[in-house]
Amino acid sequence: MIRRREFITLLGGAAAAWPVTAHAQPQERPVIGYLSSRAAETDIPMLAAFRQGLGAAGYVEGRNVAIEYRFADGHFERNALLAADLVRHQVAVIVTAGNVSSAMAAKTATATIPIVFNSGIDPVTAGLVPSINRPGGNLTGVFARGGELPGKMLGFLHELVPSAKMIALLVNPASALAYEPDLRRAAATLGLGVQVLNARSDDEIETSFASLFRQPADAILIPNDPLFLSRAGRIVALAAEHALPTIYGRRPFVEAGGLISYGDDIAYGYRQMGLYVGRILKGDKPADLPIVLTDKFELVINLKTAKALGVTIPQALLVIADEVIE
């Protein structure tokens, strides 16, 4: 666990939690507003990738650009207040991360400040932009296309635990990601049952796992969600307590001791966001910047966890894995 003081150091001295006191910046130094639905500590690797892209565009935090940070810590209802606060600070660009709720909050808060988002669902369907190629208005960003993601995740889990009959699905009802219908369709083709566990808070995460003592499942699928990612360590520990083979939607879960993950390559997406912010600071209009479509996904496997669970990783999965943690 990264301590608050260490995290603030990683941010280069920028404020890292809500509420944040504004710091006066030189007139010639633009200020980027960074709004995330996740927790501050969770976003460290995303911010590193974002800064890489920003640096490639010629901007370095603390030198010729400043960043104001706001984190909702998985509580999506906070996004509106955080976005409004960034608007009051008159930032030059707002970057939104975590899930579509932060982008929608920023869009509601301003129709003039450029917004660069990262979305896991179609931004046209979500109502963020009218077009992928010409987004118009003040929004553009990155769309990680994962329409078949729930089915692929279930397929990998089925390869790991072919004897499984019942799959638990942990979902956040407050999230806009429609994993349940897609997963049920995929499960039906494999002859698997789906047990949905709803969790939109820390307490409900605990309650959901506790319910598995009454209604056991053979394995569990945990999709990408800002709330879950912000609690990766605890969720991985709960899965271990139940000795449940689990597939997650993002790499950090496996790095925390989870069994396997399959999800979009977040570093690539955030570097693209940094590049777009740089272009906007140089004068490009969001309306003219096409949404970046990325279908770069990564499979990560933790062999130590597999051994502890008594799960044999098929050679076919080891061959295609982007990383195997031993």
# chains A, B, ... in the order shown; residues from 1 in each chain; ligands from 1
$ closest_atom_pairs --of "segment 96-185 of chain A" --to "segment 45-61 of chain A" --cutoff "12 Å" --atoms "only C-alpha atoms" --output "Markdown table"
| residue | atom | partner | partner_atom | distance |
| --- | --- | --- | --- | --- |
| A:Thr96 | CA | A:Phe50 | CA | 11.4 |
| A:Ala97 | CA | A:Met46 | CA | 8.9 |
| A:Gly98 | CA | A:Met46 | CA | 9.8 |
| A:Val116 | CA | A:Phe50 | CA | 11.4 |
| A:Phe117 | CA | A:Phe50 | CA | 11.7 |
| A:Asn118 | CA | A:Met46 | CA | 10.9 |
$ residues_around --residues "Leu317 of chain A" --least-positions-apart "5" --cutoff "12 Å" --atoms "only C-alpha atoms" --output "PDB file with N, CA and C atoms, in the first residue's frame"
ATOM      1  N   GLY A 155     -14.430 -17.317 -21.577  1.00  0.00           N
ATOM      2  CA  GLY A 155     -13.771 -18.401 -22.293  1.00  0.00           C
ATOM      3  C   GLY A 155     -12.456 -18.789 -21.643  1.00  0.00           C
ATOM      4  N   PHE A 156     -11.654 -17.791 -21.251  1.00  0.00           N
ATOM      5  CA  PHE A 156     -10.395 -18.072 -20.571  1.00  0.00           C
ATOM      6  C   PHE A 156     -10.643 -18.777 -19.232  1.00  0.00           C
ATOM      7  N   LEU A 157     -11.655 -18.302 -18.504  1.00  0.00           N
ATOM      8  CA  LEU A 157     -11.969 -18.904 -17.209  1.00  0.00           C
ATOM      9  C   LEU A 157     -12.425 -20.350 -17.383  1.00  0.00           C
ATOM     10  N   HIS A 158     -13.178 -20.605 -18.429  1.00  0.00           N
ATOM     11  CA  HIS A 158     -13.650 -21.960 -18.707  1.00  0.00           C
ATOM     12  C   HIS A 158     -12.482 -22.882 -19.057  1.00  0.00           C
ATOM     13  N   GLU A 159     -11.470 -22.346 -19.750  1.00  0.00           N
ATOM     14  CA  GLU A 159     -10.279 -23.149 -20.055  1.00  0.00           C
ATOM     15  C   GLU A 159      -9.514 -23.504 -18.788  1.00  0.00           C
ATOM     16  N   LEU A 160      -9.498 -22.565 -17.833  1.00  0.00           N
ATOM     17  CA  LEU A 160      -8.792 -22.812 -16.578  1.00  0.00           C
ATOM     18  C   LEU A 160      -9.534 -23.800 -15.695  1.00  0.00           C
ATOM     19  N   ILE A 260      -5.708 -14.439 -12.882  1.00  0.00           N
ATOM     20  CA  ILE A 260      -5.587 -14.123 -14.301  1.00  0.00           C
ATOM     21  C   ILE A 260      -6.388 -12.864 -14.614  1.00  0.00           C
ATOM     22  N   SER A 261      -5.924 -12.098 -15.576  1.00  0.00           N
ATOM     23  CA  SER A 261      -6.665 -10.913 -16.009  1.00  0.00           C
ATOM     24  C   SER A 261      -6.642 -10.817 -17.520  1.00  0.00           C
ATOM     25  N   TYR A 262      -7.702 -10.231 -18.053  1.00  0.00           N
ATOM     26  CA  TYR A 262      -7.764  -9.945 -19.481  1.00  0.00           C
ATOM     27  C   TYR A 262      -8.499  -8.630 -19.657  1.00  0.00           C
ATOM     28  N   GLU A 298      -4.547  -7.298 -23.166  1.00  0.00           N
ATOM     29  CA  GLU A 298      -3.445  -8.091 -22.627  1.00  0.00           C
ATOM     30  C   GLU A 298      -3.962  -9.150 -21.659  1.00  0.00           C
ATOM     31  N   LEU A 299      -3.322 -10.315 -21.735  1.00  0.00           N
ATOM     32  CA  LEU A 299      -3.626 -11.447 -20.867  1.00  0.00           C
ATOM     33  C   LEU A 299      -2.456 -11.631 -19.911  1.00  0.00           C
ATOM     34  N   VAL A 300      -2.741 -11.596 -18.603  1.00  0.00           N
ATOM     35  CA  VAL A 300      -1.698 -11.714 -17.584  1.00  0.00           C
ATOM     36  C   VAL A 300      -2.067 -12.862 -16.650  1.00  0.00           C
ATOM     37  N   ILE A 301      -1.094 -13.719 -16.340  1.00  0.00           N
ATOM     38  CA  ILE A 301      -1.343 -14.913 -15.518  1.00  0.00           C
ATOM     39  C   ILE A 301      -0.362 -14.948 -14.356  1.00  0.00           C
ATOM     40  N   ASN A 302      -0.855 -15.321 -13.173  1.00  0.00           N
ATOM     41  CA  ASN A 302      -0.018 -15.445 -11.985  1.00  0.00           C
ATOM     42  C   ASN A 302       0.134 -16.939 -11.653  1.00  0.00           C
ATOM     43  N   LEU A 303       1.312 -17.489 -11.939  1.00  0.00           N
ATOM     44  CA  LEU A 303       1.546 -18.922 -11.734  1.00  0.00           C
ATOM     45  C   LEU A 303       1.560 -19.303 -10.257  1.00  0.00           C
ATOM     46  N   THR A 312      -4.183 -25.880 -12.950  1.00  0.00           N
ATOM     47  CA  THR A 312      -3.151 -26.088 -13.966  1.00  0.00           C
ATOM     48  C   THR A 312      -3.424 -25.165 -15.153  1.00  0.00           C
ATOM     49  N   ASP A 322       0.450 -12.300 -22.424  1.00  0.00           N
ATOM     50  CA  ASP A 322       1.365 -11.164 -22.592  1.00  0.00           C
ATOM     51  C   ASP A 322       2.384 -11.122 -21.472  1.00  0.00           C
ATOM     52  N   GLU A 323       2.006 -11.627 -20.303  1.00  0.00           N
ATOM     53  CA  GLU A 323       2.946 -11.695 -19.178  1.00  0.00           C
ATOM     54  C   GLU A 323       2.550 -12.827 -18.255  1.00  0.00           C
ATOM     55  N   VAL A 324       3.547 -13.573 -17.782  1.00  0.00           N
ATOM     56  CA  VAL A 324       3.343 -14.638 -16.810  1.00  0.00           C
ATOM     57  C   VAL A 324       4.139 -14.277 -15.565  1.00  0.00           C
TER      58      VAL A 324
END
$ select_by_dssp --residues "segment 137-285 of chain A" --states "strand (DSSP E or B)" --output "CSV table (one decimal) with C-alpha atoms, in the first residue's frame"
chain,number,residue,atom,x,y,z
A,139,LEU,CA,-14.9,16.3,-26.2
A,140,THR,CA,-12.6,13.7,-27.8
A,141,GLY,CA,-10.6,10.8,-26.4
A,142,VAL,CA,-9.9,7.1,-26.4
A,143,PHE,CA,-12.4,4.3,-26.9
A,144,ALA,CA,-11.1,0.8,-25.8
A,166,MET,CA,-21.7,-22.0,-12.0
A,167,ILE,CA,-19.9,-18.7,-12.5
A,168,ALA,CA,-20.3,-15.8,-10.2
A,169,LEU,CA,-20.2,-12.3,-11.7
A,170,LEU,CA,-19.4,-9.3,-9.5
A,171,VAL,CA,-21.0,-6.2,-10.9
A,193,GLY,CA,-25.0,-20.8,-15.0
A,194,VAL,CA,-24.4,-17.2,-13.9
A,195,GLN,CA,-24.8,-16.0,-10.3
A,196,VAL,CA,-24.8,-12.1,-10.2
A,197,LEU,CA,-23.3,-10.4,-7.1
A,198,ASN,CA,-24.1,-6.7,-6.9
A,219,ALA,CA,-15.3,-19.6,-10.2
A,220,ILE,CA,-15.8,-15.8,-10.4
A,221,LEU,CA,-15.5,-13.1,-13.1
A,222,ILE,CA,-14.7,-9.6,-12.0
A,246,THR,CA,-11.0,-15.7,-10.6
A,247,ILE,CA,-10.5,-13.7,-13.8
A,248,TYR,CA,-10.2,-9.9,-13.5
A,260,ILE,CA,-5.6,-14.1,-14.3
A,261,SER,CA,-6.7,-10.9,-16.0
A,262,TYR,CA,-7.8,-9.9,-19.5
A,263,GLY,CA,-8.4,-6.3,-20.4
A,264,ASP,CA,-7.4,-3.4,-22.5
$ closest_residue --among "A:Phe297, A:Ala210, A:Ile205, A:Ile325" --to "Ala267 of chain A" --atoms "only C-alpha atoms"
A:Phe297
$ atom_distance --atom1 "atom CA of Ser119 of chain A" --atom2 "atom CA of Val100 of chain A"
5.7 Å
$ residues_around --residues "Lys285 of chain A" --least-positions-apart "2" --cutoff "10 Å" --atoms "only C-alpha atoms" --output "list in words"
Pro114, Gly136, Gly137, Asn138, Leu139, Thr140, Tyr276, Arg279, Ile280, Leu281, Lys282, Gly283, Ala287, Asp288 and Leu289 of chain A
$ write_last_selection --atoms "N, CA and C atoms" --output "compact mmCIF listing (two decimals), in the first residue's frame"
# COMPACT_ATOMS: atom_id res chain seq x y z
N PRO A 114 -12.01 22.11 -23.25
CA PRO A 114 -11.77 20.83 -23.92
C PRO A 114 -11.70 19.67 -22.91
N GLY A 136 -16.95 16.62 -32.72
CA GLY A 136 -17.66 17.88 -32.54
C GLY A 136 -17.60 18.34 -31.09
N GLY A 137 -18.11 19.51 -30.82
CA GLY A 137 -18.17 20.01 -29.45
C GLY A 137 -16.80 20.10 -28.80
N ASN A 138 -16.76 19.85 -27.51
CA ASN A 138 -15.51 20.04 -26.75
C ASN A 138 -14.94 18.74 -26.20
N LEU A 139 -15.39 17.58 -26.73
CA LEU A 139 -14.90 16.30 -26.23
C LEU A 139 -14.23 15.48 -27.33
N THR A 140 -13.18 14.79 -26.95
CA THR A 140 -12.57 13.75 -27.76
C THR A 140 -11.88 12.80 -26.78
N TYR A 276 -3.01 13.69 -27.11
CA TYR A 276 -4.13 14.54 -27.51
C TYR A 276 -4.19 15.82 -26.68
N ARG A 279 -1.71 18.20 -28.08
CA ARG A 279 -2.17 18.82 -29.32
C ARG A 279 -3.19 19.93 -29.04
N ILE A 280 -4.05 19.68 -28.06
CA ILE A 280 -5.06 20.69 -27.71
C ILE A 280 -4.39 21.93 -27.12
N LEU A 281 -3.41 21.72 -26.26
CA LEU A 281 -2.69 22.86 -25.67
C LEU A 281 -1.97 23.68 -26.74
N LYS A 282 -1.64 23.03 -27.85
CA LYS A 282 -0.97 23.74 -28.95
C LYS A 282 -1.94 24.38 -29.92
N GLY A 283 -3.25 24.18 -29.67
CA GLY A 283 -4.23 24.86 -30.51
C GLY A 283 -5.22 24.01 -31.26
N ALA A 287 -13.06 18.99 -31.38
CA ALA A 287 -14.05 18.67 -32.41
C ALA A 287 -13.40 18.06 -33.65
N ASP A 288 -12.15 18.41 -33.89
CA ASP A 288 -11.45 17.95 -35.09
C ASP A 288 -10.54 16.74 -34.85
N LEU A 289 -10.49 16.25 -33.62
CA LEU A 289 -9.61 15.12 -33.29
C LEU A 289 -10.44 13.85 -33.19
$ select_by_dssp --residues "segment 97-310 of chain A" --states "alpha helix (DSSP H)" --output "ChimeraX atom specification"
/A:100-109,149-160,179-190,202-210,226-230,232-241,251-255,266-281,303-309
$ residues_around --residues "Glu204 of chain A" --least-positions-apart "2" --cutoff "12 Å" --atoms "only C-alpha atoms" --output "mmCIF file with N, CA and C atoms, in the first residue's frame"
data_model
loop_
_atom_site.group_PDB
_atom_site.id
_atom_site.type_symbol
_atom_site.label_atom_id
_atom_site.label_comp_id
_atom_site.auth_asym_id
_atom_site.auth_seq_id
_atom_site.Cartn_x
_atom_site.Cartn_y
_atom_site.Cartn_z
ATOM 1 N N LEU A 170 -19.309 -10.463 -10.385
ATOM 2 C CA LEU A 170 -19.389 -9.309 -9.501
ATOM 3 C C LEU A 170 -19.593 -8.069 -10.362
ATOM 4 N N VAL A 171 -20.679 -7.351 -10.148
ATOM 5 C CA VAL A 171 -20.963 -6.155 -10.949
ATOM 6 C C VAL A 171 -21.319 -4.991 -10.038
ATOM 7 N N ASN A 172 -21.001 -3.810 -10.513
ATOM 8 C CA ASN A 172 -21.383 -2.582 -9.831
ATOM 9 C C ASN A 172 -22.603 -2.012 -10.544
ATOM 10 N N PRO A 173 -23.787 -2.045 -9.913
ATOM 11 C CA PRO A 173 -25.000 -1.556 -10.581
ATOM 12 C C PRO A 173 -24.910 -0.084 -10.982
ATOM 13 N N LEU A 197 -23.554 -11.032 -8.429
ATOM 14 C CA LEU A 197 -23.318 -10.421 -7.122
ATOM 15 C C LEU A 197 -23.202 -8.914 -7.332
ATOM 16 N N ASN A 198 -24.113 -8.156 -6.754
ATOM 17 C CA ASN A 198 -24.106 -6.702 -6.905
ATOM 18 C C ASN A 198 -23.324 -6.036 -5.780
ATOM 19 N N ALA A 199 -22.483 -5.083 -6.138
ATOM 20 C CA ALA A 199 -21.693 -4.376 -5.129
ATOM 21 C C ALA A 199 -21.381 -2.976 -5.622
ATOM 22 N N ARG A 200 -21.838 -1.978 -4.880
ATOM 23 C CA ARG A 200 -21.535 -0.592 -5.232
ATOM 24 C C ARG A 200 -20.837 0.149 -4.095
ATOM 25 N N SER A 201 -20.371 -0.597 -3.095
ATOM 26 C CA SER A 201 -19.672 0.007 -1.965
ATOM 27 C C SER A 201 -18.774 -1.044 -1.326
ATOM 28 N N ASP A 202 -17.924 -0.597 -0.392
ATOM 29 C CA ASP A 202 -17.043 -1.531 0.319
ATOM 30 C C ASP A 202 -17.857 -2.590 1.055
ATOM 31 N N GLU A 206 -18.031 -6.874 0.505
ATOM 32 C CA GLU A 206 -17.885 -7.890 1.558
ATOM 33 C C GLU A 206 -19.112 -8.791 1.611
ATOM 34 N N THR A 207 -20.306 -8.186 1.531
ATOM 35 C CA THR A 207 -21.550 -8.951 1.598
ATOM 36 C C THR A 207 -21.688 -9.903 0.418
ATOM 37 N N SER A 208 -21.288 -9.436 -0.757
ATOM 38 C CA SER A 208 -21.389 -10.269 -1.956
ATOM 39 C C SER A 208 -20.552 -11.527 -1.828
ATOM 40 N N PHE A 209 -19.315 -11.374 -1.363
ATOM 41 C CA PHE A 209 -18.463 -12.547 -1.199
ATOM 42 C C PHE A 209 -18.984 -13.450 -0.085
ATOM 43 N N ALA A 210 -19.525 -12.849 0.975
ATOM 44 C CA ALA A 210 -20.068 -13.655 2.074
ATOM 45 C C ALA A 210 -21.230 -14.519 1.589
ATOM 46 N N SER A 211 -21.987 -14.017 0.611
ATOM 47 C CA SER A 211 -23.127 -14.777 0.098
ATOM 48 C C SER A 211 -22.687 -16.060 -0.604
ATOM 49 N N LEU A 227 -14.542 1.159 -8.942
ATOM 50 C CA LEU A 227 -14.690 0.779 -7.538
ATOM 51 C C LEU A 227 -13.875 -0.472 -7.240
ATOM 52 N N PHE A 228 -13.989 -1.474 -8.089
ATOM 53 C CA PHE A 228 -13.286 -2.731 -7.861
ATOM 54 C C PHE A 228 -11.777 -2.544 -7.980
ATOM 55 N N ILE A 235 -10.252 -7.334 -2.793
ATOM 56 C CA ILE A 235 -11.015 -8.279 -3.598
ATOM 57 C C ILE A 235 -10.202 -9.536 -3.882
#
$ closest_residue --among "A:Ile115, A:Ala39, A:Lys307, A:Gln90" --to "Arg78 of chain A" --atoms "only C-alpha atoms"
A:Ala39
